[in-house]
>>> print(open('model09.tsv').read())   # TSV, C-alpha atoms and all ligand atoms
chain	number	residue	atom	x	y	z
A	5	MET	CA	-62.18	54.23	-77.72
A	6	ALA	CA	-60.85	53.09	-81.12
A	7	ASN	CA	-59.01	49.78	-81.25
A	8	ALA	CA	-55.22	49.94	-81.54
A	9	VAL	CA	-55.39	47.06	-84.05
A	10	ASN	CA	-57.84	46.34	-86.86
A	11	ARG	CA	-56.77	42.89	-88.00
A	12	ILE	CA	-54.79	40.30	-86.06
A	13	GLY	CA	-53.34	36.87	-86.75
A	14	VAL	CA	-53.44	33.96	-84.31
A	15	LEU	CA	-51.19	30.91	-84.39
A	16	THR	CA	-50.28	27.88	-82.31
A	17	SER	CA	-46.66	26.76	-82.23
A	18	GLY	CA	-44.45	24.12	-80.58
A	19	GLY	CA	-45.90	21.00	-78.94
A	20	ASP	CA	-49.69	21.04	-78.94
A	21	ALA	CA	-51.56	21.21	-75.64
A	22	PRO	CA	-55.21	20.50	-74.80
A	23	GLY	CA	-56.95	23.86	-74.51
A	24	MET	CA	-55.16	25.49	-77.45
A	25	ASN	CA	-58.41	25.32	-79.42
A	26	ALA	CA	-60.27	27.01	-76.59
A	27	ALA	CA	-57.69	29.81	-76.73
A	28	VAL	CA	-58.03	30.16	-80.53
A	29	ARG	CA	-61.81	30.37	-80.13
A	30	ALA	CA	-61.54	32.99	-77.41
A	31	VAL	CA	-59.09	35.09	-79.43
A	32	THR	CA	-61.32	34.92	-82.51
A	33	ARG	CA	-64.59	35.67	-80.79
A	34	THR	CA	-63.16	38.45	-78.61
A	35	ALA	CA	-61.60	40.06	-81.66
A	36	LEU	CA	-64.79	39.83	-83.71
A	37	GLY	CA	-66.80	41.17	-80.79
A	38	ARG	CA	-64.57	44.25	-80.76
A	39	GLY	CA	-64.78	44.70	-84.52
A	40	ILE	CA	-61.28	43.33	-85.15
A	41	GLU	CA	-60.74	40.89	-88.02
A	42	CYS	CA	-59.03	37.63	-87.17
A	43	VAL	CA	-56.82	35.52	-89.43
A	44	GLY	CA	-55.78	32.00	-88.43
A	45	ILE	CA	-52.14	31.31	-89.29
A	46	ARG	CA	-51.66	27.59	-89.81
A	47	ARG	CA	-48.63	25.49	-88.81
A	48	GLY	CA	-47.08	28.00	-86.44
A	49	TRP	CA	-44.25	30.29	-87.53
A	50	ASN	CA	-43.85	28.22	-90.72
A	51	GLY	CA	-47.34	29.33	-91.70
A	52	LEU	CA	-46.46	32.96	-91.18
A	53	ILE	CA	-43.37	32.53	-93.35
A	54	GLY	CA	-45.31	30.71	-96.07
A	55	SER	CA	-48.52	32.75	-95.90
A	56	ASP	CA	-50.55	29.70	-94.85
A	57	PHE	CA	-53.75	31.16	-93.40
A	58	ILE	CA	-57.53	30.95	-93.07
A	59	MET	CA	-59.97	33.73	-92.34
A	60	LEU	CA	-61.70	33.10	-89.03
A	61	ASP	CA	-65.29	34.03	-88.35
A	62	GLY	CA	-67.45	33.17	-85.37
A	63	ALA	CA	-68.63	29.93	-86.97
A	64	SER	CA	-65.16	28.68	-87.91
A	65	VAL	CA	-64.32	28.25	-84.24
A	66	SER	CA	-67.61	26.58	-83.29
A	67	HIS	CA	-67.38	23.14	-81.66
A	68	ILE	CA	-63.63	23.29	-81.02
A	69	LEU	CA	-63.80	24.31	-77.35
A	70	SER	CA	-63.98	20.70	-76.19
A	71	LYS	CA	-61.41	19.28	-78.62
A	72	GLY	CA	-57.77	18.49	-77.92
A	73	GLY	CA	-55.03	19.35	-80.42
A	74	THR	CA	-55.18	22.54	-82.43
A	75	MET	CA	-57.38	23.29	-85.45
A	76	LEU	CA	-54.59	25.60	-86.70
A	77	TYR	CA	-52.02	22.77	-86.70
A	78	THR	CA	-48.66	23.38	-85.09
A	79	ALA	CA	-45.00	23.03	-85.95
A	80	ARG	CA	-41.51	23.76	-84.71
A	81	SER	CA	-39.95	26.08	-87.27
A	82	ASP	CA	-36.23	26.00	-88.08
A	83	GLU	CA	-36.64	28.68	-90.73
A	84	PHE	CA	-38.05	31.16	-88.24
A	85	LEU	CA	-34.80	30.87	-86.27
A	86	SER	CA	-33.02	32.68	-89.12
A	87	GLU	CA	-33.29	36.38	-89.82
A	88	ALA	CA	-34.24	35.63	-93.43
A	89	GLY	CA	-37.15	33.48	-92.22
A	90	ARG	CA	-38.35	36.14	-89.81
A	91	LYS	CA	-38.22	38.80	-92.53
A	92	LYS	CA	-40.45	36.61	-94.70
A	93	ALA	CA	-42.87	36.38	-91.76
A	94	VAL	CA	-42.91	40.18	-91.44
A	95	ALA	CA	-43.60	40.42	-95.18
A	96	THR	CA	-46.62	38.11	-94.73
A	97	CYS	CA	-47.91	40.35	-91.93
A	98	ARG	CA	-47.64	43.38	-94.23
A	99	LEU	CA	-49.26	41.51	-97.13
A	100	LEU	CA	-52.19	40.31	-95.04
A	101	GLY	CA	-52.51	43.63	-93.24
A	102	LEU	CA	-51.94	42.04	-89.84
A	103	ASP	CA	-51.44	44.64	-87.13
A	104	ALA	CA	-50.43	42.08	-84.51
A	105	ILE	CA	-49.98	38.37	-83.84
A	106	VAL	CA	-51.30	36.32	-80.93
A	107	ALA	CA	-48.85	33.43	-80.40
A	108	ILE	CA	-50.07	30.45	-78.38
A	109	GLY	CA	-47.35	28.06	-77.19
A	110	GLY	CA	-44.32	27.63	-74.96
A	111	ASP	CA	-41.10	29.54	-74.38
A	112	GLY	CA	-39.73	28.70	-77.86
A	113	THR	CA	-42.88	30.26	-79.32
A	114	PHE	CA	-42.39	33.35	-77.17
A	115	ARG	CA	-38.74	33.71	-78.19
A	116	GLY	CA	-39.99	33.77	-81.78
A	117	ALA	CA	-42.66	36.31	-80.85
A	118	LEU	CA	-40.07	38.56	-79.23
A	119	GLU	CA	-37.96	38.52	-82.40
A	120	LEU	CA	-41.04	39.38	-84.46
A	121	SER	CA	-41.89	42.28	-82.15
A	122	ARG	CA	-38.34	43.58	-82.61
A	123	LEU	CA	-39.03	43.70	-86.34
A	124	GLY	CA	-42.02	45.93	-85.73
A	125	VAL	CA	-44.92	43.46	-85.51
A	126	PRO	CA	-46.68	43.73	-82.13
A	127	VAL	CA	-47.43	40.43	-80.39
A	128	ALA	CA	-49.33	38.92	-77.47
A	129	GLY	CA	-48.44	35.54	-75.97
A	130	ILE	CA	-50.62	32.86	-74.43
A	131	PRO	CA	-48.72	30.15	-72.50
A	132	ALA	CA	-49.72	26.66	-73.55
A	133	THR	CA	-47.66	23.55	-72.86
A	134	ILE	CA	-48.30	20.38	-70.92
A	135	ASP	CA	-44.92	20.87	-69.21
A	136	ASN	CA	-45.99	23.95	-67.15
A	137	ASP	CA	-42.38	25.09	-67.48
A	138	ILE	CA	-42.80	28.76	-68.40
A	139	GLY	CA	-41.19	31.08	-65.87
A	140	CYS	CA	-43.54	34.04	-66.07
A	141	THR	CA	-46.74	32.16	-65.29
A	142	ASN	CA	-47.92	29.86	-62.53
A	143	TYR	CA	-50.00	27.90	-65.01
A	144	THR	CA	-49.82	26.89	-68.67
A	145	ILE	CA	-52.78	25.67	-70.71
A	146	GLY	CA	-52.77	21.88	-71.11
A	147	PHE	CA	-51.03	20.96	-67.86
A	148	ASP	CA	-54.17	19.94	-66.00
A	149	THR	CA	-55.45	17.78	-68.85
A	150	ALA	CA	-52.06	16.08	-69.21
A	151	CYS	CA	-51.96	15.40	-65.46
A	152	ASN	CA	-55.41	13.85	-65.60
A	153	THR	CA	-54.54	11.73	-68.63
A	154	ALA	CA	-51.38	10.43	-66.97
A	155	ILE	CA	-53.27	9.74	-63.73
A	156	GLU	CA	-55.95	7.78	-65.57
A	157	CYS	CA	-53.28	5.66	-67.30
A	158	ILE	CA	-51.33	5.05	-64.10
A	159	ASP	CA	-54.48	4.12	-62.16
A	160	LYS	CA	-55.07	1.43	-64.78
A	161	LEU	CA	-51.49	0.25	-64.55
A	162	ARG	CA	-51.84	0.03	-60.80
A	163	ASP	CA	-54.73	-2.41	-61.10
A	164	THR	CA	-52.59	-4.92	-62.94
A	165	MET	CA	-49.44	-4.18	-60.94
A	166	GLN	CA	-51.36	-4.76	-57.72
A	167	SER	CA	-52.86	-8.02	-59.02
A	168	HIS	CA	-49.48	-9.37	-60.09
A	169	GLU	CA	-47.61	-7.81	-57.12
A	170	ARG	CA	-45.21	-6.11	-59.49
A	171	CYS	CA	-43.15	-2.98	-59.75
A	172	SER	CA	-44.10	-0.48	-62.43
A	173	VAL	CA	-41.79	2.18	-63.82
A	174	VAL	CA	-43.72	4.87	-65.71
A	175	GLU	CA	-42.11	7.62	-67.73
A	176	VAL	CA	-44.06	10.86	-68.09
A	177	MET	CA	-43.29	13.91	-70.22
A	178	GLY	CA	-42.20	17.32	-68.98
A	179	ARG	CA	-39.13	18.12	-71.06
A	180	HIS	CA	-36.55	19.48	-68.56
A	181	ALA	CA	-39.05	20.01	-65.75
A	182	GLY	CA	-40.64	17.76	-63.13
A	183	PHE	CA	-44.01	19.51	-62.69
A	184	LEU	CA	-46.00	16.83	-64.49
A	185	ALA	CA	-44.19	13.95	-62.78
A	186	LEU	CA	-44.47	15.38	-59.29
A	187	TYR	CA	-48.13	16.42	-59.49
A	188	VAL	CA	-49.03	13.06	-61.02
A	189	GLY	CA	-46.85	11.19	-58.52
A	190	ILE	CA	-48.66	12.77	-55.59
A	191	ALA	CA	-52.05	12.13	-57.19
A	192	VAL	CA	-51.40	8.42	-57.79
A	193	GLY	CA	-49.61	7.81	-54.50
A	194	ALA	CA	-46.39	6.81	-56.23
A	195	THR	CA	-43.74	4.87	-54.33
A	196	ALA	CA	-41.10	7.21	-55.75
A	197	VAL	CA	-40.93	10.10	-58.20
A	198	LEU	CA	-37.75	10.98	-60.06
A	199	ILE	CA	-37.53	14.57	-61.27
A	200	PRO	CA	-34.76	16.54	-62.96
A	201	GLU	CA	-34.79	19.12	-60.16
A	202	VAL	CA	-33.31	16.49	-57.79
A	203	ASP	CA	-30.02	14.80	-58.74
A	204	LEU	CA	-30.66	11.08	-58.79
A	205	ASP	CA	-29.27	9.04	-55.92
A	206	PHE	CA	-30.52	5.56	-56.80
A	207	GLN	CA	-30.17	4.17	-53.29
A	208	ARG	CA	-31.95	7.11	-51.67
A	209	ASP	CA	-34.56	7.82	-54.35
A	210	VAL	CA	-35.49	4.34	-55.58
A	211	VAL	CA	-34.17	1.53	-53.39
A	212	ALA	CA	-35.04	3.08	-50.03
A	213	PRO	CA	-38.65	4.04	-50.98
A	214	ILE	CA	-39.28	0.54	-52.37
A	215	GLN	CA	-37.85	-0.99	-49.21
A	216	ARG	CA	-39.96	1.28	-47.00
A	217	ALA	CA	-43.09	0.43	-48.99
A	218	ARG	CA	-42.32	-3.28	-48.73
A	219	LEU	CA	-41.74	-3.04	-44.96
A	220	SER	CA	-45.06	-1.31	-44.56
A	221	GLY	CA	-46.82	-4.17	-46.32
A	222	SER	CA	-46.96	-3.15	-49.96
A	223	THR	CA	-46.36	-5.83	-52.59
A	224	HIS	CA	-46.51	-3.57	-55.63
A	225	PHE	CA	-44.55	-0.40	-56.34
A	226	MET	CA	-45.13	2.54	-58.66
A	227	ILE	CA	-42.08	4.53	-59.74
A	228	VAL	CA	-42.83	7.69	-61.77
A	229	VAL	CA	-39.92	9.00	-63.85
A	230	ALA	CA	-39.91	12.46	-65.43
A	231	GLU	CA	-38.42	12.22	-68.92
A	232	GLY	CA	-35.95	14.96	-67.97
A	233	SER	CA	-34.46	12.87	-65.19
A	234	GLY	CA	-33.53	9.84	-67.26
A	235	LYS	CA	-34.94	6.90	-69.15
A	236	ALA	CA	-37.49	4.67	-67.47
A	237	THR	CA	-35.90	1.68	-69.21
A	238	ASP	CA	-32.57	2.40	-67.49
A	239	ILE	CA	-34.28	2.78	-64.11
A	240	GLY	CA	-36.13	-0.50	-64.70
A	241	ARG	CA	-32.86	-2.28	-65.54
A	242	GLN	CA	-31.18	-0.91	-62.43
A	243	ILE	CA	-34.11	-2.00	-60.25
A	244	ARG	CA	-33.80	-5.51	-61.68
A	245	ASP	CA	-30.03	-5.57	-61.12
A	246	GLU	CA	-30.00	-4.10	-57.63
A	247	LEU	CA	-33.24	-5.37	-56.10
A	248	GLY	CA	-33.77	-8.58	-57.99
A	249	ILE	CA	-37.36	-7.73	-58.88
A	250	ASP	CA	-38.74	-7.77	-62.39
A	251	PRO	CA	-40.36	-4.39	-63.16
A	252	ARG	CA	-42.59	-3.49	-66.10
A	253	VAL	CA	-41.70	-0.26	-67.89
A	254	THR	CA	-44.31	1.99	-69.53
A	255	ILE	CA	-43.55	5.17	-71.46
A	256	LEU	CA	-46.76	7.19	-71.59
A	257	GLY	CA	-45.47	9.37	-74.45
A	258	HIS	CA	-47.64	11.54	-76.65
A	259	ILE	CA	-50.90	10.18	-75.30
A	260	GLN	CA	-50.36	12.80	-72.58
A	261	ARG	CA	-50.75	15.59	-75.15
A	262	GLY	CA	-54.14	14.49	-76.45
A	263	GLY	CA	-57.72	14.38	-75.25
A	264	ALA	CA	-60.51	16.77	-74.42
A	265	PRO	CA	-59.30	19.66	-72.27
A	266	THR	CA	-60.42	19.70	-68.64
A	267	ALA	CA	-62.57	22.43	-67.14
A	268	ARG	CA	-59.47	24.19	-65.86
A	269	ASP	CA	-57.82	24.25	-69.28
A	270	ARG	CA	-60.94	25.38	-71.12
A	271	GLU	CA	-61.66	28.11	-68.62
A	272	THR	CA	-58.06	29.36	-68.37
A	273	ALA	CA	-57.59	29.29	-72.14
A	274	SER	CA	-60.83	31.21	-72.67
A	275	ARG	CA	-59.83	33.91	-70.19
A	276	MET	CA	-56.30	34.15	-71.59
A	277	GLY	CA	-57.54	34.45	-75.17
A	278	TYR	CA	-59.95	37.19	-74.11
A	279	ALA	CA	-57.23	39.04	-72.21
A	280	ALA	CA	-54.69	38.77	-75.06
A	281	VAL	CA	-57.01	40.45	-77.56
A	282	ASN	CA	-58.03	43.13	-75.09
A	283	ALA	CA	-54.35	43.92	-74.44
A	284	LEU	CA	-53.69	44.37	-78.18
A	285	ALA	CA	-56.91	46.30	-78.80
A	286	GLU	CA	-56.05	48.68	-75.98
A	287	GLY	CA	-52.49	49.22	-77.24
A	288	ARG	CA	-50.67	47.18	-74.61
A	289	PHE	CA	-48.35	45.43	-77.04
A	290	ASN	CA	-45.80	42.64	-76.52
A	291	GLN	CA	-47.25	41.15	-73.35
A	292	ILE	CA	-47.54	37.55	-72.21
A	293	ILE	CA	-50.80	36.72	-70.45
A	294	GLY	CA	-49.72	34.76	-67.39
A	295	THR	CA	-51.39	33.70	-64.17
A	296	ARG	CA	-50.29	34.82	-60.75
A	297	ASP	CA	-52.18	33.77	-57.62
A	298	GLY	CA	-55.15	32.68	-59.70
A	299	ARG	CA	-55.47	35.99	-61.56
A	300	LEU	CA	-54.34	36.92	-65.06
A	301	LYS	CA	-51.41	39.24	-65.39
A	302	GLU	CA	-49.75	40.93	-68.37
A	303	ILE	CA	-45.98	40.55	-68.36
A	304	PRO	CA	-43.78	42.35	-70.92
A	305	ILE	CA	-42.40	39.64	-73.18
A	306	GLU	CA	-38.74	40.53	-72.74
A	307	GLU	CA	-39.11	40.41	-68.96
A	308	ALA	CA	-41.21	37.23	-69.19
A	309	LEU	CA	-38.47	35.38	-71.04
A	310	GLU	CA	-35.94	36.24	-68.33
A	311	MET	CA	-38.10	34.77	-65.58
A	312	THR	CA	-37.54	31.32	-64.14
A	313	LYS	CA	-39.90	29.18	-62.12
A	314	HIS	CA	-38.93	26.56	-59.60
A	315	LEU	CA	-40.84	23.49	-58.67
A	316	GLN	CA	-42.14	23.92	-55.13
A	317	MET	CA	-40.13	21.32	-53.29
A	318	ASP	CA	-42.64	21.18	-50.45
A	319	ARG	CA	-44.66	19.06	-52.88
A	320	TYR	CA	-41.79	16.58	-52.87
A	321	GLU	CA	-41.97	16.53	-49.07
A	322	VAL	CA	-45.72	15.83	-49.24
A	323	LEU	CA	-45.03	12.91	-51.52
A	324	GLU	CA	-42.46	11.46	-49.13
A	325	ALA	CA	-44.62	12.05	-46.07
A	326	LEU	CA	-47.56	10.20	-47.59
A	327	GLN	CA	-45.58	7.21	-48.81
A	328	ASN	CA	-45.11	5.66	-45.39
A	329	ARG	CA	-48.05	3.81	-43.97
A	330	VAL	CA	-46.14	2.78	-40.83
A	331	ARG	CA	-43.15	4.29	-39.15
A	332	VAL	CA	-40.07	2.53	-40.54
B	401	LIG	O1	-43.17	20.44	-74.65
B	401	LIG	C1	-44.14	19.46	-74.72
B	401	LIG	C2	-43.53	18.13	-74.95
B	401	LIG	O2	-44.57	17.18	-75.04
B	401	LIG	C3	-42.49	17.69	-73.92
B	401	LIG	O3	-43.08	17.21	-72.74
B	401	LIG	C4	-41.71	16.66	-74.71
B	401	LIG	O4	-40.40	16.57	-74.24
B	401	LIG	C5	-41.75	17.20	-76.10
B	401	LIG	O5	-42.82	18.10	-76.18
B	401	LIG	C6	-41.92	16.15	-77.17
B	401	LIG	O6	-41.84	16.77	-78.40
B	401	LIG	P1	-42.19	16.13	-79.82
B	401	LIG	O7	-43.60	16.52	-80.14
B	401	LIG	O8	-41.23	16.78	-80.74
B	401	LIG	O9	-42.03	14.65	-79.69
>>> encode(input="model09.tsv", output="structure tokens")
Amino acid sequence: MANAVNRIGVLTSGGDAPGMNAAVRAVTRTALGRGIECVGIRRGWNGLIGSDFIMLDGASVSHILSKGGTMLYTARSDEFLSEAGRKKAVATCRLLGLDAIVAIGGDGTFRGALELSRLGVPVAGIPATIDNDIGCTNYTIGFDTACNTAIECIDKLRDTMQSHERCSVVEVMGRHAGFLALYVGIAVGATAVLIPEVDLDFQRDVVAPIQRARLSGSTHFMIVVAEGSGKATDIGRQIRDELGIDPRVTILGHIQRGGAPTARDRETASRMGYAAVNALAEGRFNQIIGTRDGRLKEIPIEEALEMTKHLQMDRYEVLEALQNRVRV
């Protein structure tokens, strides 16, 4: 059967995420394998507006599978938010003969993709963000790597906190969501995890867990704070004021967005890139490639952007259940 597209563009947009390169490689190689030309659009939607592109062949995506970041660069585009900016992007698509765009990024990227599709350029979306906060998919590329990076950092912090019998307050990313903080908190055996999904009650969420840990023999405490639930520096100050202990505050920051992607991110990104091109080639336009129960699923972009995802609070219960070493 003939392909529904002959030449496609691929771009990465928004915050980078480990595994984006693996997705770019998969898109390129799947396209080439089906006889579809592939153009790399650099610097996200800004690149589409400004005609900033490179031709991609099989060799141009060699040796990127294992690299963090994105070889296409990324950006957050203010100009694309305006109709004038989007019209320029459509003009670039016409000029370059692009029949469709594969957009790799988060929900902001997909909102841009939806607008582009409304102007007559078909799109496919691949979810990639360390926050895992996209409603239509269980999993987003980059989350696993970011979790592992944060865990590695916190394990190191624990060594020194344990030696000095201190309290550590660690802020992790996640934008408005607590996925990263909660998964990491469980994996490092945190004393407490503060997430935006739970309104902060300082006595219940910080003081009581520290007291329980102390009563069960612990002399060091690890408090993980999701950036969306407040500033780690404020929590540290409050701990000092209310408990009279002298915590050390660490903001992990952008280190969480770097590094070689894990097996899960490489494998998921490769499958998603493959699926996105197949969807376009077979005429299934304007779909997001999400995961549901471990399998890939195509979700119409409009519907996808309406979907919300909630943190499974049973994970929070697991965290609490495992904090207590004795009954207190
Ligand atoms: O969305 C990914 C993310 O890293 C968030 O966790 C964080 O809030 C934000 O991006 C940081 O963005 P910037 O790159 O603009 O500092």
>>> closest_residue(input="model09.tsv", among="A:Gly54, A:Pro200, A:Gly178, A:Gly23", to="Gly277 of chain A", atoms="only C-alpha atoms")
A:Gly23
>>> residues_near_ligand(input="model09.tsv", ligand="ligand LIG 401 (chain B)", cutoff="9 Å", atoms="only C-alpha atoms and all ligand atoms", output="ChimeraX atom specification")
/A:18-21,79-80,110,133-137,176-181,184,231-232,257-258,260-261
>>> atom_distance(input="model09.tsv", atom1="atom CA of Glu83 of chain A", atom2="atom CA of Ile259 of chain A")
28.0 Å
>>> atom_distance(input="model09.tsv", atom1="atom CA of Thr295 of chain A", atom2="atom CA of Met276 of chain A")
8.9 Å
>>> atom_distance(input="model09.tsv", atom1="atom CA of Pro213 of chain A", atom2="atom CA of Glu321 of chain A")
13.1 Å
>>> closest_residue(input="model09.tsv", among="A:Cys171, A:Met317, A:Ala308, A:Ile227", to="Arg252 of chain A", atoms="all atoms listed in the file")
A:Cys171
>>> closest_atom_pairs(input="model09.tsv", of="segment 128-209 of chain A", to="segment 262-268 of chain A", cutoff="12 Å", atoms="all atoms listed in the file", output="Markdown table")
| residue | atom | partner | partner_atom | distance |
| --- | --- | --- | --- | --- |
| A:Ala132 | CA | A:Pro265 | CA | 11.9 |
| A:Thr133 | CA | A:Gly262 | CA | 11.7 |
| A:Ile134 | CA | A:Gly262 | CA | 10.0 |
| A:Tyr143 | CA | A:Arg268 | CA | 10.2 |
| A:Thr144 | CA | A:Arg268 | CA | 10.4 |
| A:Ile145 | CA | A:Arg268 | CA | 8.4 |
| A:Gly146 | CA | A:Pro265 | CA | 7.0 |
| A:Phe147 | CA | A:Arg268 | CA | 9.3 |
| A:Asp148 | CA | A:Thr266 | CA | 6.8 |
| A:Thr149 | CA | A:Thr266 | CA | 5.3 |
| A:Ala150 | CA | A:Gly262 | CA | 7.7 |
| A:Cys151 | CA | A:Thr266 | CA | 10.0 |
| A:Asn152 | CA | A:Thr266 | CA | 8.3 |
| A:Thr153 | CA | A:Gly263 | CA | 7.8 |
| A:Ala154 | CA | A:Gly262 | CA | 10.7 |
| A:Glu156 | CA | A:Gly263 | CA | 11.8 |
>>> closest_residue(input="model09.tsv", among="A:Arg11, A:Arg47, A:Arg244, A:His314", to="Ala35 of chain A", atoms="all atoms listed in the file")
A:Arg11
>>> residues_around(input="model09.tsv", residues="Arg38 of chain A", least_positions_apart="3", cutoff="12 Å", atoms="all atoms listed in the file", output="ChimeraX atom specification")
/A:5-12,31-35,41-42,278,281-282,284-286
>>> residues_around(input="model09.tsv", residues="segment 96-100 of chain A", least_positions_apart="5", cutoff="7 Å", atoms="all atoms listed in the file", output="VMD selection string")
chain A and resid 52 to 53 55
>>> closest_residue(input="model09.tsv", among="A:Val188, A:Val229, A:Val173, A:Ser64", to="Arg241 of chain A", atoms="all atoms listed in the file")
A:Val173
>>> closest_residue(input="model09.tsv", among="A:Leu120, A:Leu309, A:Val228, A:Ala212", to="Glu246 of chain A", atoms="all atoms listed in the file")
A:Ala212
>>> decode(input="model09.tsv", residues="segment 169-189 of chain A", atoms="N, CA and C atoms", output="mmCIF file, in the first residue's frame")
data_model
loop_
_atom_site.group_PDB
_atom_site.id
_atom_site.type_symbol
_atom_site.label_atom_id
_atom_site.label_comp_id
_atom_site.auth_asym_id
_atom_site.auth_seq_id
_atom_site.Cartn_x
_atom_site.Cartn_y
_atom_site.Cartn_z
ATOM 1 N N GLU A 169 24.359 12.208 60.997
ATOM 2 C CA GLU A 169 23.062 12.124 61.698
ATOM 3 C C GLU A 169 22.250 13.401 61.485
ATOM 4 N N ARG A 170 22.064 13.708 60.202
ATOM 5 C CA ARG A 170 21.401 14.948 59.833
ATOM 6 C C ARG A 170 20.053 14.694 59.164
ATOM 7 N N CYS A 171 19.381 15.802 58.926
ATOM 8 C CA CYS A 171 18.148 15.771 58.138
ATOM 9 C C CYS A 171 18.449 16.412 56.787
ATOM 10 N N SER A 172 18.006 15.743 55.727
ATOM 11 C CA SER A 172 18.216 16.269 54.387
ATOM 12 C C SER A 172 16.867 16.602 53.760
ATOM 13 N N VAL A 173 16.792 17.764 53.140
ATOM 14 C CA VAL A 173 15.578 18.133 52.410
ATOM 15 C C VAL A 173 15.983 18.252 50.944
ATOM 16 N N VAL A 174 15.396 17.414 50.096
ATOM 17 C CA VAL A 174 15.808 17.367 48.689
ATOM 18 C C VAL A 174 14.636 17.749 47.797
ATOM 19 N N GLU A 175 14.867 18.743 46.949
ATOM 20 C CA GLU A 175 13.808 19.148 46.024
ATOM 21 C C GLU A 175 14.032 18.482 44.671
ATOM 22 N N VAL A 176 12.985 17.816 44.174
ATOM 23 C CA VAL A 176 13.064 17.205 42.848
ATOM 24 C C VAL A 176 12.090 17.909 41.917
ATOM 25 N N MET A 177 12.318 17.742 40.613
ATOM 26 C CA MET A 177 11.455 18.397 39.619
ATOM 27 C C MET A 177 10.098 17.705 39.524
ATOM 28 N N GLY A 178 9.325 18.087 38.530
ATOM 29 C CA GLY A 178 8.017 17.462 38.323
ATOM 30 C C GLY A 178 6.947 18.454 37.920
ATOM 31 N N ARG A 179 7.343 19.715 37.817
ATOM 32 C CA ARG A 179 6.403 20.795 37.497
ATOM 33 C C ARG A 179 5.235 20.763 38.477
ATOM 34 N N HIS A 180 3.984 20.556 38.014
ATOM 35 C CA HIS A 180 2.852 20.582 38.948
ATOM 36 C C HIS A 180 2.476 19.188 39.446
ATOM 37 N N ALA A 181 3.294 18.192 39.143
ATOM 38 C CA ALA A 181 2.930 16.813 39.476
ATOM 39 C C ALA A 181 3.943 16.175 40.419
ATOM 40 N N GLY A 182 3.471 15.154 41.160
ATOM 41 C CA GLY A 182 4.332 14.524 42.161
ATOM 42 C C GLY A 182 4.852 13.156 41.764
ATOM 43 N N PHE A 183 4.702 12.786 40.473
ATOM 44 C CA PHE A 183 5.135 11.437 40.062
ATOM 45 C C PHE A 183 6.604 11.184 40.408
ATOM 46 N N LEU A 184 7.455 12.108 39.971
ATOM 47 C CA LEU A 184 8.895 11.928 40.177
ATOM 48 C C LEU A 184 9.209 11.828 41.681
ATOM 49 N N ALA A 185 8.650 12.747 42.449
ATOM 50 C CA ALA A 185 8.941 12.775 43.891
ATOM 51 C C ALA A 185 8.473 11.492 44.578
ATOM 52 N N LEU A 186 7.277 11.038 44.231
ATOM 53 C CA LEU A 186 6.739 9.878 44.942
ATOM 54 C C LEU A 186 7.472 8.587 44.565
ATOM 55 N N TYR A 187 7.730 8.393 43.271
ATOM 56 C CA TYR A 187 8.456 7.192 42.854
ATOM 57 C C TYR A 187 9.846 7.180 43.490
ATOM 58 N N VAL A 188 10.498 8.343 43.441
ATOM 59 C CA VAL A 188 11.854 8.446 43.991
ATOM 60 C C VAL A 188 11.809 8.255 45.510
ATOM 61 N N GLY A 189 10.822 8.870 46.130
ATOM 62 C CA GLY A 189 10.684 8.769 47.591
ATOM 63 C C GLY A 189 10.545 7.328 48.047
#
